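J.: Got start_36.txt for you, compact mmCIF, C-alpha atoms:
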```txt
# COMPACT_ATOMS: atom_id res chain seq x y z
CA MET A 218 80.02 121.94 112.13
CA PHE A 219 82.10 119.94 109.65
CA PHE A 220 80.26 120.29 106.43
CA GLN A 221 80.86 123.81 105.20
CA LYS A 222 80.99 123.88 101.43
CA GLY A 223 84.43 123.59 99.87
CA LYS A 224 86.19 124.06 103.16
CA GLN A 225 88.20 121.93 105.48
CA PRO A 226 86.99 121.56 109.05
CA SER A 227 88.30 124.70 110.67
CA GLY A 228 89.26 125.72 114.19
CA THR A 229 90.85 123.45 116.78
CA TRP A 230 89.63 120.20 115.24
CA GLY A 231 90.88 121.20 111.82
CA VAL A 232 94.34 121.82 113.25
CA ILE A 233 94.27 118.46 115.08
CA LEU A 234 93.26 116.75 111.85
CA ASN A 235 96.14 118.29 109.92
CA ALA A 236 98.65 117.65 112.70
CA THR A 237 97.86 113.94 113.00
CA THR A 238 97.92 113.54 109.24
CA ILE A 239 101.35 115.12 108.86
CA GLY A 240 102.93 113.31 111.82
CA LEU A 241 101.73 109.85 110.90
CA GLN A 242 102.65 110.21 107.22
CA LEU A 243 106.25 110.95 108.18
CA VAL A 244 106.51 107.97 110.52
CA THR A 245 104.75 105.39 108.35
CA ALA A 246 106.65 106.25 105.17
CA THR A 247 109.95 105.87 107.04
CA PHE A 248 108.80 102.57 108.45
CA ILE A 249 107.67 101.26 105.05
CA GLY A 250 111.08 102.17 103.62
CA LEU A 251 112.90 100.39 106.43
CA ALA A 252 110.76 97.25 106.16
CA THR A 253 111.16 97.09 102.36
CA GLY A 254 114.92 97.42 102.64
CA TYR A 255 115.17 94.85 105.39
CA PHE A 256 113.21 92.19 103.52
CA LEU A 257 114.97 92.90 100.21
CA ASP A 258 118.29 92.44 102.03
CA LYS A 259 117.11 89.16 103.48
CA TRP A 260 116.02 87.98 100.05
CA LEU A 261 119.05 89.12 98.05
CA GLY A 262 121.70 88.63 100.74
CA THR A 263 123.18 92.15 100.48
CA LYS A 264 123.06 92.61 104.20
CA PRO A 265 123.29 96.27 105.27
CA TRP A 266 123.16 98.20 101.98
CA LEU A 267 119.62 98.03 100.73
CA THR A 268 118.28 98.62 104.24
CA LEU A 269 120.23 101.88 104.45
CA VAL A 270 119.31 103.07 100.96
CA MET A 271 115.62 102.22 101.34
CA LEU A 272 115.50 103.79 104.82
CA ILE A 273 116.81 107.06 103.40
CA LEU A 274 114.36 106.87 100.50
CA GLY A 275 111.55 106.21 102.98
CA VAL A 276 112.51 109.31 104.98
CA VAL A 277 112.53 111.32 101.75
CA ALA A 278 109.10 109.92 100.88
CA GLY A 279 107.84 110.95 104.31
CA PHE A 280 109.09 114.50 103.90
CA LYS A 281 107.66 114.64 100.41
CA SER A 282 104.17 113.73 101.62
CA VAL A 283 104.50 116.28 104.45
CA TYR A 284 105.40 118.89 101.83
CA GLU A 285 102.38 117.97 99.71
CA GLU A 286 100.10 118.05 102.75
CA VAL A 287 101.35 121.52 103.73
CA LYS A 288 100.78 122.76 100.19
CA ARG A 289 97.22 121.42 100.30
CA ILE A 290 96.53 123.19 103.62
CA GLN A 291 97.99 126.43 102.26
CA GLU A 292 95.75 126.21 99.22
CA TYR A 293 92.69 125.80 101.45
CA GLU A 294 93.73 128.74 103.60
CA ARG A 295 94.31 130.91 100.56
CA LYS A 296 90.86 129.97 99.28
CA ASP A 297 89.28 130.74 102.66
CA SER A 298 90.91 134.15 103.04
CA GLY A 299 90.02 134.92 99.42
CA GLN A 300 86.37 134.27 100.22
CA HIS A 301 86.44 136.61 103.19
CA SER A 302 88.03 139.57 101.44
CA GLY A 303 85.86 139.08 98.35
CA LYS A 304 88.67 138.47 95.83
CA ASP A 305 89.98 135.25 94.39
CA MET B 152 94.41 87.11 117.93
CA VAL B 153 96.39 90.27 117.21
CA ALA B 154 95.43 93.16 119.50
CA GLY B 155 92.01 91.92 120.48
CA GLY B 156 89.36 94.01 122.16
CA LEU B 157 89.38 94.79 125.84
CA PRO B 158 88.05 91.91 127.94
CA HIS B 159 84.80 93.44 129.13
CA GLN B 160 82.15 92.31 126.64
CA LEU B 161 79.30 90.10 127.74
CA VAL B 162 77.71 88.76 124.59
CA PRO B 163 80.80 87.38 122.77
CA VAL B 164 81.86 85.56 125.94
CA LEU B 165 78.38 84.11 126.22
CA LEU B 166 78.49 83.07 122.56
CA HIS B 167 81.87 81.48 123.14
CA GLU B 168 80.43 79.48 126.04
CA LEU B 169 77.60 78.34 123.79
CA GLY B 170 80.11 76.98 121.29
CA VAL B 171 79.97 79.81 118.70
CA PRO B 172 83.56 81.08 118.69
CA VAL B 173 83.14 84.57 117.20
CA PRO B 174 85.86 87.11 118.04
CA PRO B 175 84.39 90.22 119.71
CA HIS B 176 85.32 92.66 116.95
CA ILE B 177 83.65 90.47 114.32
CA PHE B 178 80.56 90.15 116.48
CA PHE B 179 80.23 93.92 117.01
CA THR B 180 80.85 94.56 113.32
CA TRP B 181 77.87 92.30 112.63
CA VAL B 182 75.80 94.17 115.20
CA VAL B 183 76.57 97.50 113.51
CA MET B 184 75.79 96.01 110.10
CA ALA B 185 72.46 94.75 111.39
CA ILE B 186 71.62 98.16 112.89
CA LEU B 187 72.51 100.00 109.68
CA ILE B 188 70.64 97.59 107.41
CA THR B 189 67.56 97.76 109.63
CA MET B 190 67.68 101.55 109.69
CA GLY B 191 68.11 101.61 105.92
CA ILE B 192 65.06 99.41 105.41
CA LEU B 193 62.99 101.45 107.88
CA VAL B 194 63.88 104.73 106.16
CA GLN B 195 63.40 103.34 102.68
CA LYS B 196 59.95 102.02 103.53
CA ARG B 197 58.58 105.37 104.59
CA VAL B 198 60.29 107.92 102.37
CA SER B 199 58.17 111.05 102.30
CA MET B 200 58.44 114.60 101.01
CA VAL B 201 58.30 115.92 104.57
CA PRO B 202 61.03 113.90 106.27
CA GLY B 203 60.31 112.45 109.69
CA GLY B 204 62.80 111.67 112.46
CA LEU B 205 65.03 108.96 111.04
CA GLN B 206 64.80 110.14 107.43
CA ASN B 207 65.69 113.64 108.56
CA PHE B 208 68.76 112.34 110.36
CA PHE B 209 70.06 110.46 107.32
CA GLU B 210 69.22 113.29 104.94
CA VAL B 211 71.27 115.73 107.01
CA ILE B 212 74.27 113.39 107.18
CA ILE B 213 74.24 112.17 103.60
CA GLY B 214 73.33 115.56 102.16
CA GLY B 215 76.14 117.23 104.11
CA LEU B 216 78.68 114.60 103.05
CA GLU B 217 77.61 114.86 99.42
CA ASP B 218 78.02 118.64 99.41
CA PHE B 219 81.44 118.24 100.98
CA VAL B 220 82.58 115.61 98.47
CA VAL B 221 81.27 117.48 95.43
CA ALA B 222 82.82 120.74 96.63
CA ASN B 223 86.20 119.05 97.04
CA ILE B 224 86.45 116.58 94.14
CA GLY B 225 83.98 118.21 91.75
CA GLU B 226 81.10 116.56 89.91
CA GLU B 227 83.28 113.47 89.40
CA GLY B 228 83.00 112.91 93.14
CA ARG B 229 79.46 111.57 92.72
CA LYS B 230 80.92 108.42 91.14
CA VAL B 231 82.75 107.50 94.34
CA PHE B 232 80.37 109.09 96.82
CA THR B 233 78.63 105.85 97.84
CA ILE B 234 81.74 104.17 99.23
CA LEU B 235 82.82 107.37 100.99
CA ALA B 236 79.47 107.81 102.73
CA THR B 237 79.36 104.11 103.62
CA LEU B 238 82.81 104.32 105.18
CA PHE B 239 81.90 107.38 107.25
CA ILE B 240 78.63 106.00 108.60
CA PHE B 241 80.04 102.52 109.22
CA ILE B 242 83.11 103.76 111.08
CA TRP B 243 81.07 106.30 113.01
CA PHE B 244 78.59 103.71 114.28
CA ASN B 245 81.41 101.29 115.05
CA ASN B 246 83.23 103.96 117.06
CA LEU B 247 80.11 104.88 118.99
CA MET B 248 79.55 101.22 119.91
CA GLY B 249 82.56 101.62 122.19
CA LEU B 250 80.62 104.10 124.34
CA ILE B 251 77.83 101.64 125.10
CA PRO B 252 78.59 99.72 128.32
CA GLY B 253 79.10 96.04 127.65
CA CYS B 254 79.88 96.65 123.99
CA ASP B 255 83.16 97.30 122.25
CA ALA B 256 84.22 99.37 119.26
CA SER B 257 85.35 96.96 116.58
CA THR B 258 87.56 99.77 115.24
CA ALA B 259 89.60 99.38 118.44
CA ASN B 260 91.07 96.31 116.75
CA VAL B 261 93.82 96.50 114.14
CA ASN B 262 92.20 93.89 111.92
CA THR B 263 89.00 95.83 111.19
CA ASN B 264 90.93 99.00 110.38
CA ALA B 265 93.51 97.22 108.26
CA ALA B 266 90.74 95.60 106.23
CA MET B 267 89.12 98.98 105.55
CA ALA B 268 92.45 100.65 104.76
CA VAL B 269 93.37 97.93 102.27
CA VAL B 270 89.97 98.30 100.62
CA VAL B 271 90.56 102.06 100.32
CA PHE B 272 94.06 101.49 98.89
CA LEU B 273 92.86 99.04 96.25
CA TYR B 274 89.82 101.19 95.44
CA TYR B 275 91.63 104.43 94.69
CA ASN B 276 94.23 102.62 92.60
CA TYR B 277 91.41 100.90 90.73
CA TRP B 278 89.87 104.29 89.91
CA GLY B 279 93.23 105.64 88.85
CA ILE B 280 93.78 102.78 86.42
CA ARG B 281 90.18 102.95 85.20
CA GLU B 282 90.35 106.69 84.53
CA HIS B 283 93.85 106.95 83.07
CA GLY B 284 94.67 103.42 81.87
CA PHE B 285 98.40 102.89 81.58
CA GLY B 286 98.92 106.64 81.97
CA TYR B 287 98.22 106.24 85.68
CA ILE B 288 101.93 105.51 86.02
CA LYS B 289 102.55 109.22 85.38
CA HIS B 290 101.19 109.84 88.86
CA PHE B 291 104.27 108.08 90.18
CA MET B 292 106.90 109.67 87.93
CA GLY B 293 107.23 113.21 89.24
CA PRO B 294 107.77 116.28 87.08
CA ILE B 295 111.36 115.66 85.86
CA LEU B 296 111.96 112.73 83.51
CA ALA B 297 115.60 112.19 84.55
CA LEU B 298 114.58 111.65 88.17
CA ALA B 299 111.68 109.33 87.30
CA PRO B 300 113.21 106.03 88.58
CA LEU B 301 114.06 107.62 91.93
CA MET B 302 110.71 109.37 92.18
CA PHE B 303 108.95 106.11 91.36
CA ILE B 304 110.42 104.37 94.43
CA ILE B 305 109.69 107.36 96.65
CA GLU B 306 106.11 107.62 95.39
CA VAL B 307 105.54 103.89 95.90
CA PHE B 308 106.74 104.25 99.48
CA SER B 309 104.48 107.19 100.18
CA HIS B 310 101.53 105.36 98.62
CA LEU B 311 102.22 102.23 100.70
CA ALA B 312 102.43 104.41 103.80
CA ARG B 313 98.83 105.56 103.27
CA PRO B 314 96.98 102.37 104.30
CA LEU B 315 99.38 101.92 107.21
CA SER B 316 98.80 105.43 108.52
CA LEU B 317 95.02 105.12 108.01
CA THR B 318 95.01 101.90 110.03
CA LEU B 319 97.22 103.15 112.83
CA ARG B 320 95.48 106.51 113.23
CA LEU B 321 92.02 105.05 113.68
CA PHE B 322 93.26 102.14 115.79
CA GLY B 323 95.38 104.28 118.09
CA ASN B 324 92.71 106.86 118.75
CA ILE B 325 89.79 104.52 119.35
CA ARG B 326 91.80 102.01 121.35
CA GLY B 327 93.30 104.80 123.43
CA GLU B 328 89.87 106.18 124.22
CA GLU B 329 88.63 102.75 125.27
CA ILE B 330 91.59 102.31 127.61
CA VAL B 331 91.12 105.78 129.12
CA LEU B 332 87.42 105.03 129.73
CA ILE B 333 88.25 101.74 131.45
CA LEU B 334 90.94 103.34 133.61
CA LEU B 335 88.72 106.23 134.65
CA PHE B 336 85.87 103.87 135.38
CA SER B 337 88.08 101.77 137.64
CA MET B 338 89.24 104.87 139.53
CA ALA B 339 85.98 106.78 139.96
CA PRO B 340 82.96 105.02 138.45
CA ILE B 341 80.25 107.13 136.74
CA VAL B 342 81.48 110.52 138.03
CA ALA B 343 84.70 110.54 136.04
CA THR B 344 83.37 108.84 132.93
CA ILE B 345 80.33 111.02 132.21
CA PRO B 346 82.28 114.13 131.14
CA MET B 347 84.58 111.93 129.07
CA TYR B 348 81.56 110.55 127.23
CA PHE B 349 80.86 113.96 125.70
CA LEU B 350 84.48 114.50 124.73
CA PHE B 351 84.86 111.01 123.26
CA GLY B 352 81.53 111.18 121.47
CA LEU B 353 82.95 114.17 119.61
CA ALA B 354 86.41 112.63 119.18
CA LYS B 355 84.99 109.43 117.71
CA THR B 356 82.96 111.42 115.19
CA ILE B 357 86.11 113.34 114.26
CA GLN B 358 88.06 110.11 113.75
CA ALA B 359 85.39 108.72 111.43
CA PHE B 360 85.43 112.02 109.56
CA ILE B 361 89.23 111.99 109.24
CA PHE B 362 89.16 108.49 107.73
CA PHE B 363 86.46 109.64 105.31
CA MET B 364 88.28 112.84 104.40
CA LEU B 365 91.63 111.17 103.77
CA THR B 366 89.95 108.57 101.56
CA MET B 367 88.37 111.44 99.66
CA ILE B 368 91.75 113.17 99.21
CA TYR B 369 93.35 109.96 97.93
CA LEU B 370 90.49 109.39 95.50
CA LYS B 371 90.77 112.99 94.33
CA GLY B 372 94.48 112.43 93.69
CA SER B 373 93.86 109.35 91.57
CA LEU B 374 90.93 110.87 89.65
CA GLU B 375 92.66 114.06 88.54
CA HIS B 376 95.41 114.26 85.95
CA ALA B 377 99.07 113.98 86.91
CA HIS B 378 100.63 117.38 87.43
```
Can you turn what I pasted into structure tokens?
T.:
Amino acid sequence: MFFQKGKQPSGTWGVILNATTIGLQLVTATFIGLATGYFLDKWLGTKPWLTLVMLILGVVAGFKSVYEEVKRIQEYERKDSGQHSGKD
Amino acid sequence: MVAGGLPHQLVPVLLHELGVPVPPHIFFTWVVMAILITMGILVQKRVSMVPGGLQNFFEVIIGGLEDFVVANIGEEGRKVFTILATLFIFIWFNNLMGLIPGCDASTANVNTNAAMAVVVFLYYNYWGIREHGFGYIKHFMGPILALAPLMFIIEVFSHLARPLSLTLRLFGNIRGEEIVLILLFSMAPIVATIPMYFLFGLAKTIQAFIFFMLTMIYLKGSLEHAH
């Protein structure tokens, strides 16, 4: 079921896998950015600024990992369709 | 205790009464370890060319995982295959413990998952440094040199998000399934839970596989050269 050679798990479960990966990456990266900024602010005493900057950078990091994930899925799909039609 | 298991286990409570204060998730982790070690010894004792029941089972799982890893990472994947297979089998058995009445999945506790996620995080960075030396920092720099300081912070954030998302994904799914089982059992015992057992048996396998696959993707990223 899962272990086809060189493929991702396909069908419904494959889609669920990709969906949870993308969603959680976005949320956790944002959260990590916010937490880093908050504690740096506490440490350095620059109250709102670092929190804001790091929050934005965290959001950017989240979108970046979503972008990379989508590229990875596209590559797999390209490989799969290439196998079916017999060309690379 | 942060986010402990659901209060329905018999043995840990009994142990607690006897004066052995072991938290439930630690206890069930030990149970799974004991099961796996015993199975390993049993299989290893009677390895034959024509595999019997238990050996057949492990050969299918480990052979399938190895094909998958080698097809995705390449021949280099064999270097890290042991920890990947261990993670999959360990998490899978831990998840399935939650389906046994009176037992609890130790992966329904944040602490177990966080421990495994931190191990994965340290392990793939270790391989990155071991393979590339100081050049591993190129993985964090992005393609354009002028943007490197900005990209470095962003990359560090997205790398730190990985263990957190690994932890939360496994915890949320397994814990949620345990809660649903308990709720359904309290509403309509047996009748409502039996169909859910099939669904959750599949879902728990999928969760173990997702953890395994994401670890594999991270290891692949740190083993290959920076783009």
J.: Of the residues A:Trp260, A:Val232, A:Pro265, A:Lys281, which is the one nearest to chain B, using all atoms listed in the file?
T.: A:Lys281
J.: Go through B:Thr233, B:Asn245, B:Asn223, B:Gln358 and flag the residue nearest chain A, using only C-alpha atoms for the distances.
T.: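 When distances to chain A are compared using only C-alpha atoms, the smallest one comes from B:Asn223.
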J.: Fewer than 6 positions away in the same chain doesn't count, so skip those; otherwise give me all residues within 12 Å of B:Ile186, counting all atoms listed in the file, as a PyMOL selection string.
T.: chain B and resi 179-180+192-193+240-241+244-245+248
J.: Applying 6 Å and only C-alpha atoms, which residues near stretch 313-327 of chain B remain after dropping the ones on its own chain fewer than 4 positions away? List them as a PyMOL selection string.
T.: (chain A and resi 241+245) or (chain B and resi 259+261+264-265+268)
J.: Record the distance separating atom CA of A:Ala246 and atom CA of A:Val287, expressed in Å with one decimal.
T.: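 It comes out at 16.2 Å.
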J.: Between chain B and chain A, at 7 Å or less, what are the per-residue closest atom pairs and their distances in Å? Count only C-alpha atoms, order by chain and rising residue number, and return it as CSV.
T.:
```
residue,atom,partner,partner_atom,distance
B:Gly215,CA,A:Phe220,CA,5.6
B:Leu216,CA,A:Phe220,CA,6.8
B:Asp218,CA,A:Lys222,CA,6.4
B:Phe219,CA,A:Lys222,CA,5.7
B:Ala222,CA,A:Gly223,CA,4.6
B:Asn223,CA,A:Gly223,CA,5.6
B:Ile305,CA,A:Ala278,CA,5.0
B:Glu306,CA,A:Ala278,CA,6.7
B:Phe308,CA,A:Ala246,CA,6.0
B:Ser309,CA,A:Ala278,CA,5.4
B:Ala312,CA,A:Ala246,CA,4.8
B:Leu315,CA,A:Thr245,CA,6.5
B:Ser316,CA,A:Leu241,CA,5.8
B:Ile361,CA,A:Leu234,CA,6.8
```
J.: Taking all atoms listed in the file into account, name the residue in B:Gly214, B:Gly203, B:Pro252, B:Pro346 that is nearest to B:Ala236.
T.: B:Gly214
J.: Enter the distance from atom CA of B:Ala297 to atom CA of A:Leu257, in Å, rounded to one decimal.
T.: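 Pair atom CA of B:Ala297 / atom CA of A:Leu257 returns 24.9 Å.
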J.: List as a PyMOL selection string the protein and nucleic acid residues near B:Ile345, meaning an atom at most 10 Å away when only C-alpha atoms are counted, but skip any in the same chain fewer than 6 places from it.
T.: chain B and resi 332+335-336
J.: Please provide as a list of chain:residue names all residues within 12 Å of A:Tyr255, with the sequence filter that same-chain residues fewer than 3 positions apart are discarded (counting only C-alpha atoms).
T.: A:Phe248, A:Ile249, A:Gly250, A:Leu251, A:Ala252, A:Asp258, A:Lys259, A:Trp260, A:Leu261, A:Gly262, A:Thr263, A:Lys264, A:Pro265, A:Trp266, A:Leu267, A:Thr268, A:Leu269, A:Val270, A:Met271, A:Leu272
J.: Quick one: pull the distance between atom CA of B:Asn246 and atom CA of B:Pro175, Å, one decimal.
T.: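 If I compute the distance from atom CA of B:Asn246 to atom CA of B:Pro175, I get 14.0 Å.
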J.: My list of candidates is B:Ala354, B:Ala299, B:Ile368, B:Ala343. Which is closest to A:Ile290 when distances are computed with only C-alpha atoms?
T.: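 Going through B:Ala354, B:Ala299, B:Ile368, B:Ala343 one by one, the smallest distance to A:Ile290 is for B:Ile368.
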J.: Choose the residue, out of B:Met267, B:Met367, B:Ile251, B:Leu169, that has the smallest atom-to-atom separation from B:Val231; count only C-alpha atoms.
T.: B:Met367
